[in-house]
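Everything below belongs to entry-v1.cif, which stores mmCIF, C-alpha atoms.
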data_final
loop_
_atom_site.label_atom_id
_atom_site.label_comp_id
_atom_site.auth_asym_id
_atom_site.auth_seq_id
_atom_site.Cartn_x
_atom_site.Cartn_y
_atom_site.Cartn_z
CA MET A 1 -119.12 125.63 14.42
CA ASN A 2 -115.82 127.43 13.98
CA ARG A 3 -113.49 125.34 11.77
CA PHE A 4 -110.49 127.36 12.92
CA LYS A 5 -108.03 125.77 15.34
CA LEU A 6 -105.96 127.31 18.12
CA PRO A 7 -102.38 126.15 18.62
CA GLN A 8 -101.18 124.85 21.96
CA PRO A 9 -99.89 127.78 24.06
CA LEU A 10 -96.14 128.08 24.59
CA LYS A 11 -94.72 127.46 28.03
CA GLU A 12 -91.37 128.22 29.62
CA GLY A 13 -88.76 125.90 28.16
CA SER A 14 -90.59 125.55 24.83
CA THR A 15 -88.49 125.71 21.67
CA ILE A 16 -89.24 128.64 19.37
CA GLY A 17 -88.14 128.46 15.76
CA ILE A 18 -87.03 131.72 14.17
CA ILE A 19 -87.51 132.05 10.42
CA ALA A 20 -87.18 134.71 7.70
CA PRO A 21 -89.95 133.87 5.23
CA ALA A 22 -89.83 137.31 3.59
CA SER A 23 -86.84 139.66 4.07
CA ALA A 24 -83.66 139.24 6.10
CA ALA A 25 -82.85 141.43 9.12
CA LYS A 26 -79.82 143.27 10.44
CA ARG A 27 -77.49 140.94 12.29
CA LYS A 28 -77.26 143.06 15.47
CA PHE A 29 -81.05 143.19 15.85
CA VAL A 30 -81.33 139.46 15.23
CA ALA A 31 -78.76 138.77 17.96
CA SER A 32 -80.50 141.06 20.44
CA GLY A 33 -83.90 139.55 19.66
CA LEU A 34 -82.65 136.00 20.14
CA GLU A 35 -81.08 136.94 23.45
CA TYR A 36 -84.39 138.50 24.54
CA ILE A 37 -86.26 135.24 23.82
CA ARG A 38 -83.68 133.15 25.67
CA LYS A 39 -83.92 135.43 28.70
CA LYS A 40 -87.68 134.82 28.66
CA GLY A 41 -86.94 131.15 29.33
CA TYR A 42 -87.33 129.71 25.83
CA LYS A 43 -84.98 127.71 23.66
CA VAL A 44 -84.42 128.87 20.10
CA LYS A 45 -83.75 127.15 16.81
CA THR A 46 -82.72 129.49 14.01
CA ALA A 47 -83.00 129.33 10.24
CA PRO A 48 -79.75 130.01 8.34
CA ASN A 49 -81.12 132.99 6.38
CA LEU A 50 -82.12 135.37 9.20
CA SER A 51 -79.59 138.03 8.29
CA ARG A 52 -78.59 137.19 4.74
CA GLY A 53 -80.29 136.86 1.40
CA LYS A 54 -80.37 138.57 -1.99
CA PHE A 55 -81.56 142.14 -2.40
CA TYR A 56 -84.87 142.42 -0.50
CA LEU A 57 -85.45 138.66 -0.12
CA ALA A 58 -84.04 136.31 2.54
CA GLY A 59 -83.07 133.79 -0.12
CA SER A 60 -84.76 132.24 -3.15
CA ASP A 61 -88.45 131.41 -3.12
CA GLN A 62 -87.65 127.68 -3.03
CA PHE A 63 -85.23 128.08 -0.12
CA ARG A 64 -87.67 130.13 1.96
CA VAL A 65 -90.48 127.64 1.31
CA LYS A 66 -88.18 124.73 2.25
CA LEU A 67 -87.23 126.35 5.57
CA LEU A 68 -90.82 127.37 6.33
CA GLU A 69 -92.07 123.81 5.86
CA GLU A 70 -89.14 122.26 7.73
CA PHE A 71 -89.68 124.47 10.78
CA PHE A 72 -93.42 123.80 10.93
CA LEU A 73 -92.88 120.04 10.50
CA ASP A 74 -89.99 119.82 12.99
CA PRO A 75 -91.37 117.99 16.07
CA GLU A 76 -88.83 119.70 18.32
CA ILE A 77 -90.19 123.16 17.51
CA ASP A 78 -93.21 124.25 19.56
CA GLY A 79 -93.80 127.65 17.98
CA ILE A 80 -92.40 129.98 15.33
CA ILE A 81 -91.71 133.72 15.36
CA CYS A 82 -90.68 135.55 12.20
CA VAL A 83 -87.50 137.59 12.32
CA ARG A 84 -89.16 140.45 10.40
CA GLY A 85 -91.56 141.21 7.56
CA GLY A 86 -90.38 143.14 4.54
CA TYR A 87 -91.38 141.59 1.23
CA GLY A 88 -91.59 138.17 -0.36
CA LEU A 89 -94.53 136.15 0.95
CA LEU A 90 -96.86 136.87 -1.97
CA ARG A 91 -94.21 135.18 -4.13
CA ILE A 92 -94.48 131.84 -2.31
CA LEU A 93 -98.08 131.34 -1.14
CA ASP A 94 -98.79 129.03 -4.09
CA LYS A 95 -95.51 127.12 -3.62
CA ILE A 96 -96.18 125.95 -0.04
CA SER A 97 -97.30 122.33 0.46
CA TYR A 98 -100.40 122.86 2.58
CA GLU A 99 -101.04 119.11 2.28
CA LYS A 100 -97.83 118.40 4.20
CA LEU A 101 -98.67 120.99 6.85
CA ALA A 102 -102.16 119.53 7.25
CA SER A 103 -100.55 116.42 8.75
CA ILE A 104 -99.63 118.32 11.96
CA GLN A 105 -101.45 120.31 14.61
CA PRO A 106 -101.14 124.09 14.36
CA LYS A 107 -98.21 125.75 16.13
CA VAL A 108 -97.96 129.25 17.55
CA PHE A 109 -96.91 131.42 14.61
CA VAL A 110 -96.15 135.11 15.12
CA GLY A 111 -95.54 137.91 12.64
CA TYR A 112 -97.17 140.89 11.00
CA SER A 113 -96.75 143.27 8.05
CA ASP A 114 -95.79 141.13 5.00
CA VAL A 115 -96.48 138.03 7.11
CA THR A 116 -100.20 138.94 6.92
CA ALA A 117 -100.39 137.20 3.54
CA LEU A 118 -99.13 133.90 4.96
CA GLN A 119 -101.35 134.20 8.02
CA MET A 120 -104.47 134.57 5.88
CA ALA A 121 -103.37 131.63 3.70
CA LEU A 122 -102.74 129.36 6.71
CA LEU A 123 -106.13 130.31 8.11
CA ASN A 124 -108.02 129.62 4.91
CA LYS A 125 -106.11 126.54 3.77
CA LEU A 126 -105.59 124.84 7.15
CA GLY A 127 -107.83 126.63 9.64
CA TRP A 128 -104.77 127.65 11.68
CA ILE A 129 -105.17 130.61 14.00
CA THR A 130 -101.94 132.60 14.02
CA TYR A 131 -100.80 135.69 15.89
CA SER A 132 -100.29 139.14 14.42
CA GLY A 133 -97.64 140.38 16.79
CA PRO A 134 -94.05 141.56 17.44
CA MET A 135 -91.15 139.98 15.60
CA VAL A 136 -87.60 139.10 16.59
CA ALA A 137 -85.51 141.83 14.94
CA SER A 138 -88.27 144.42 14.49
CA GLU A 139 -89.31 144.68 18.14
CA MET A 140 -87.59 142.18 20.42
CA GLY A 141 -84.17 143.26 19.19
CA GLN A 142 -84.97 146.96 19.61
CA GLU A 143 -86.36 147.47 23.12
CA ILE A 144 -89.88 146.13 22.82
CA SER A 145 -92.39 148.31 24.69
CA PRO A 146 -93.85 146.94 27.95
CA PHE A 147 -97.36 147.19 26.46
CA SER A 148 -96.45 145.13 23.38
CA GLU A 149 -94.45 142.67 25.48
CA GLU A 150 -97.32 142.07 27.90
CA TRP A 151 -99.85 141.42 25.15
CA LEU A 152 -97.56 139.18 23.12
CA TRP A 153 -96.78 136.72 25.90
CA LYS A 154 -100.32 136.87 27.27
CA MET A 155 -101.71 135.80 23.90
CA ILE A 156 -99.24 133.08 22.92
CA SER A 157 -98.82 131.47 26.35
CA ASP A 158 -102.46 131.40 27.48
CA HIS A 159 -105.99 131.04 26.13
CA SER A 160 -107.83 132.67 29.01
CA TYR A 161 -110.65 134.02 26.89
CA PRO A 162 -112.66 136.20 27.01
CA ILE A 163 -110.05 138.99 27.01
CA GLU A 164 -110.89 142.66 26.64
CA LEU A 165 -108.41 144.55 24.51
CA ILE A 166 -107.80 147.72 26.49
CA ASN A 167 -105.92 150.46 24.66
CA PRO A 168 -103.21 152.49 26.46
CA GLU A 169 -104.83 155.12 28.69
CA ASP A 170 -103.49 158.01 26.65
CA GLN A 171 -104.76 156.50 23.39
CA PRO A 172 -108.52 155.91 23.77
CA LEU A 173 -110.54 154.02 21.19
CA LYS A 174 -112.64 156.21 18.93
CA VAL A 175 -116.02 155.47 17.36
CA PHE A 176 -116.52 156.17 13.68
CA LYS A 177 -119.84 154.33 13.33
CA HIS A 178 -121.96 153.02 16.20
CA GLY A 179 -123.24 149.48 16.59
CA LYS A 180 -122.52 145.99 17.92
CA ALA A 181 -121.12 142.96 16.11
CA ASP A 182 -119.58 139.53 16.55
CA GLY A 183 -117.41 137.68 14.06
CA ASN A 184 -114.09 136.06 13.26
CA LEU A 185 -111.18 138.48 13.35
CA LEU A 186 -109.51 138.70 9.94
CA GLY A 187 -107.09 141.05 8.24
CA GLY A 188 -103.84 142.72 9.19
CA CYS A 189 -101.71 144.87 6.91
CA LEU A 190 -104.17 146.38 4.41
CA THR A 191 -101.95 146.22 1.32
CA LEU A 192 -101.30 142.52 1.96
CA VAL A 193 -105.00 141.78 2.34
CA THR A 194 -106.09 143.47 -0.90
CA PRO A 195 -103.97 141.28 -3.27
CA LEU A 196 -105.50 138.16 -1.72
CA LEU A 197 -109.12 139.09 -2.41
CA GLY A 198 -110.66 136.62 -4.83
CA THR A 199 -107.81 134.12 -4.40
CA PRO A 200 -107.72 130.75 -2.56
CA TYR A 201 -105.55 132.35 0.12
CA MET A 202 -108.13 134.70 1.65
CA PRO A 203 -110.67 133.39 4.17
CA SER A 204 -114.30 134.30 3.65
CA LEU A 205 -115.08 137.76 4.96
CA LYS A 206 -118.78 137.05 5.36
CA GLY A 207 -119.75 138.08 8.91
CA ALA A 208 -116.13 138.82 9.82
CA ILE A 209 -114.65 141.61 11.90
CA LEU A 210 -111.98 143.12 9.64
CA VAL A 211 -108.93 144.77 11.22
CA ILE A 212 -106.62 146.92 9.09
CA GLU A 213 -103.38 148.91 9.42
CA ASP A 214 -100.44 149.86 7.22
CA ILE A 215 -97.20 151.78 6.92
CA GLY A 216 -95.53 153.99 4.34
CA GLU A 217 -98.39 154.11 1.84
CA ARG A 218 -98.92 157.51 0.23
CA THR A 219 -102.44 158.83 0.72
CA TYR A 220 -103.51 158.10 -2.85
CA ARG A 221 -102.29 154.50 -2.48
CA LEU A 222 -104.23 154.19 0.77
CA ASP A 223 -107.27 155.52 -1.11
CA LYS A 224 -106.68 152.87 -3.77
CA ALA A 225 -106.39 150.02 -1.25
CA LEU A 226 -109.58 151.01 0.56
CA ASN A 227 -111.46 151.25 -2.73
CA ILE A 228 -110.19 147.82 -3.74
CA LEU A 229 -112.00 146.53 -0.64
CA ARG A 230 -115.11 148.41 -1.73
CA LEU A 231 -114.98 147.11 -5.31
CA HIS A 232 -114.61 143.55 -4.01
CA ASN A 233 -117.82 144.10 -1.97
CA VAL A 234 -115.95 143.56 1.29
CA PHE A 235 -118.11 146.11 3.08
CA ASP A 236 -121.26 144.23 2.01
CA LYS A 237 -119.89 141.13 3.75
CA ILE A 238 -118.20 142.14 7.00
CA ALA A 239 -119.98 142.64 10.34
CA GLY A 240 -117.60 145.27 11.70
CA LEU A 241 -114.37 147.16 11.07
CA ILE A 242 -111.47 147.90 13.42
CA VAL A 243 -108.99 150.50 12.20
CA GLY A 244 -105.47 150.45 13.59
CA HIS A 245 -102.69 152.91 12.79
CA PHE A 246 -101.55 154.03 9.36
CA VAL A 247 -97.96 155.06 9.98
CA ASN A 248 -96.33 157.54 7.61
CA CYS A 249 -99.33 157.36 5.31
CA LEU A 250 -101.01 160.67 6.06
CA PRO A 251 -99.58 164.20 6.15
CA LYS A 252 -99.27 165.92 9.51
CA ASN A 253 -101.01 168.96 8.02
CA PRO A 254 -104.54 167.80 7.05
CA ASP A 255 -104.90 170.83 4.76
CA ARG A 256 -102.41 169.22 2.38
CA SER A 257 -104.30 166.00 1.74
CA PHE A 258 -107.38 163.94 2.43
CA THR A 259 -107.40 162.40 5.90
CA LEU A 260 -108.11 158.81 6.90
CA GLU A 261 -111.47 160.00 8.18
CA ASP A 262 -112.22 161.49 4.75
CA TYR A 263 -111.51 158.16 3.10
CA LEU A 264 -113.58 156.20 5.63
CA ARG A 265 -116.47 158.63 5.22
CA ASP A 266 -116.45 158.13 1.46
CA ILE A 267 -116.10 154.35 1.29
CA LEU A 268 -118.40 153.55 4.23
CA ASP A 269 -121.25 155.81 3.17
CA GLY A 270 -124.48 153.81 3.41
CA TYR A 271 -123.06 151.00 5.57
CA ASN A 272 -124.32 150.52 9.12
CA PHE A 273 -121.84 148.15 10.77
CA PRO A 274 -119.79 149.38 13.76
CA VAL A 275 -116.41 150.98 13.06
CA ILE A 276 -113.81 151.58 15.79
CA THR A 277 -110.66 153.57 15.09
CA ASN A 278 -107.43 154.48 16.93
CA PHE A 279 -106.96 150.84 17.90
CA ALA A 280 -103.48 150.08 19.30
CA TYR A 281 -102.42 147.89 16.41
CA GLY A 282 -100.04 148.21 13.51
CA HIS A 283 -96.45 149.29 12.88
CA ILE A 284 -96.34 151.14 16.19
CA LYS A 285 -94.43 150.84 19.47
CA ARG A 286 -97.40 149.95 21.67
CA ARG A 287 -99.43 147.32 19.90
CA PHE A 288 -101.68 144.40 20.65
CA THR A 289 -100.94 140.87 19.55
CA LEU A 290 -104.06 139.57 17.81
CA PRO A 291 -105.04 135.91 17.28
CA LEU A 292 -106.32 136.02 13.70
CA GLY A 293 -109.36 133.80 13.20
CA VAL A 294 -110.79 133.88 16.73
CA ASN A 295 -114.26 135.17 17.47
CA VAL A 296 -114.41 138.75 18.69
CA SER A 297 -117.19 141.10 19.71
CA ILE A 298 -117.17 144.85 19.31
CA GLU A 299 -119.50 147.51 20.59
CA THR A 300 -119.31 151.27 20.59
CA ASP A 301 -121.23 152.61 23.57
CA PRO A 302 -118.76 152.66 25.24
CA PRO A 303 -116.25 151.37 22.67
CA ASN A 304 -114.75 148.01 23.51
CA ILE A 305 -113.32 144.95 21.79
CA ILE A 306 -113.41 141.50 23.39
CA ILE A 307 -111.69 138.32 22.19
CA LYS A 308 -114.16 135.51 22.87
CA GLY A 309 -112.12 132.55 21.61
CA ILE A 310 -113.24 129.85 19.16
#

structure tokens encoding of this file:
Amino acid sequence: MNRFKLPQPLKEGSTIGIIAPASAAKRKFVASGLEYIRKKGYKVKTAPNLSRGKFYLAGSDQFRVKLLEEFFLDPEIDGIICVRGGYGLLRILDKISYEKLASIQPKVFVGYSDVTALQMALLNKLGWITYSGPMVASEMGQEISPFSEEWLWKMISDHSYPIELINPEDQPLKVFKHGKADGNLLGGCLTLVTPLLGTPYMPSLKGAILVIEDIGERTYRLDKALNILRLHNVFDKIAGLIVGHFVNCLPKNPDRSFTLEDYLRDILDGYNFPVITNFAYGHIKRRFTLPLGVNVSIETDPPNIIIKGI
């Protein structure tokens, strides 16, 4: 039986809390993003640190933890969307009172990038399924694409599983290794997953479908992150791998560096689970919103990915 729990879907008129648990965002993008949410028919309640903090953090660790807990525990707030990612969540995972949060039912919680670390922690500590999806300043405040918009609201306002995740027509899924698999969907931003391995904040990867993406990592750092997975025996545990987009990680001229395919070929040598690449997920304009923790099935002939629910 799946111990993971889905939050209640949002509905028009729900109150969405907006928090900055990592970095702050530019004021103009915050304002545009909030206006976008209001026009969608939702009320908003905002944290005081959305566009101000110190250096790369939206306030001290203690302040960000305090606001995070307050917004989750606030009975008037139905769901939470992060203003942006950035950096800072690895600093506070061990400072959050999961015991306090365990007293409530899960709420819709949306974010990605640095937020991956918190999403994995909430899943492992509390069993809360959260959503890896667009954020207030990063997308909603900067002309969110129709594809991303459709998948965000479909996921957080409905649970009509099963749902097939159909890539944009001009961006077909690719098969790196053939096969079929079912498992809980785990992962997110690769370099936020790797530091959690072996800690109390990473759910078990046994039988999981791992999804990965990243941005701005030089090729040798991407090589390092993938080999950290290998050295932690992740590929001995998972049932399947979905590879999203690695933005600004790989040179446009493949003659100047190893490619992602080169890395995958090296680290996955000898493994027989299915691997799908070119998935519309990551730091890209057109991206899926993924409920992390739900059961998914993947197959490769033809390639498809289906969210089955819990």

Can you find the residues with an atom no farther than 6 Å from (-97.6, 139.4, 19.1), counting only C-alpha atoms, and report them as number ranges by chain? A: 131-134, 152, 289

Counting all atoms listed in the file, what is within 10 Å of Lys11 in chain A, bar same-chain residues fewer than 3 positions away, as a VMD selection string? chain A and resid 8 14 to 15 41 to 42 78 153 156 to 158

Preceding selection exported with C-alpha atoms as a tab-separated table (two decimals), in the coordinates of the input:
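Everything below was put into result-v4.tsv:
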chain	number	residue	atom	x	y	z
A	8	GLN	CA	-101.18	124.85	21.96
A	14	SER	CA	-90.59	125.55	24.83
A	15	THR	CA	-88.49	125.71	21.67
A	41	GLY	CA	-86.94	131.15	29.33
A	42	TYR	CA	-87.33	129.71	25.83
A	78	ASP	CA	-93.21	124.25	19.56
A	153	TRP	CA	-96.78	136.72	25.90
A	156	ILE	CA	-99.24	133.08	22.92
A	157	SER	CA	-98.82	131.47	26.35
A	158	ASP	CA	-102.46	131.40	27.48

Quick one: residues within 10 Å of Val136 in chain A, only C-alpha atoms counted, chain neighbours fewer than 4 positions away excluded, as a ChimeraX atom specification? /A:18-20,25,29-37,50,81-84,110-111,140-142,144

What do you get, as a PyMOL selection string, if you spell out every residue that the PyMOL selection byres ((chain A and resi 272-283) around 9) selects here? chain A and resi 112-113+133+166-168+171-181+188-189+211-215+235+238-247+268-271+284-290+298-300+303-305

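Residues matched by the PyMOL selection byres ((chain A and resi 120) around 8) in this file are A:Thr116, A:Ala117, A:Leu118, A:Gln119, A:Ala121, A:Leu122, A:Leu123, A:Asn124, A:Leu186, A:Gly187, A:Tyr201, A:Met202, A:Pro203.
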
Edge lengths and centre in Å to one decimal, as AutoDock Vina command-line options, is what I'm after for the box along x, y and z that holds all listed atoms of range 106-109 of chain A once 3 Å is added on each side.
--center_x -99.0 --center_y 127.8 --center_z 16.0 --size_x 10.2 --size_y 13.3 --size_z 9.2

Do a neighbour search on Asp114 in chain A at 6 Å with all atoms listed in the file, toss out local chain neighbours closer than 2 positions, and write the hits as an mmCIF file with C-alpha atoms, keeping the file's coordinate frame.
data_model
loop_
_atom_site.group_PDB
_atom_site.id
_atom_site.type_symbol
_atom_site.label_atom_id
_atom_site.label_comp_id
_atom_site.auth_asym_id
_atom_site.auth_seq_id
_atom_site.Cartn_x
_atom_site.Cartn_y
_atom_site.Cartn_z
ATOM 1 C CA GLY A 85 -91.560 141.210 7.560
ATOM 2 C CA GLY A 86 -90.380 143.140 4.540
ATOM 3 C CA TYR A 87 -91.380 141.590 1.230
ATOM 4 C CA THR A 116 -100.200 138.940 6.920
#

If I take CA of Gly79 in chain A and CA of Phe109 in chain A, how far is one from the other in Å, to one decimal? 5.9 Å

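The smallest atom-to-atom distance between Lys308 in chain A and any of A:Ile163, A:Leu67, A:Ala137, A:Ala208, using only C-alpha atoms, is found for A:Ile163.
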
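CA of Ala225 in chain A is positioned 6.6 Å from CA of Thr194 in chain A.
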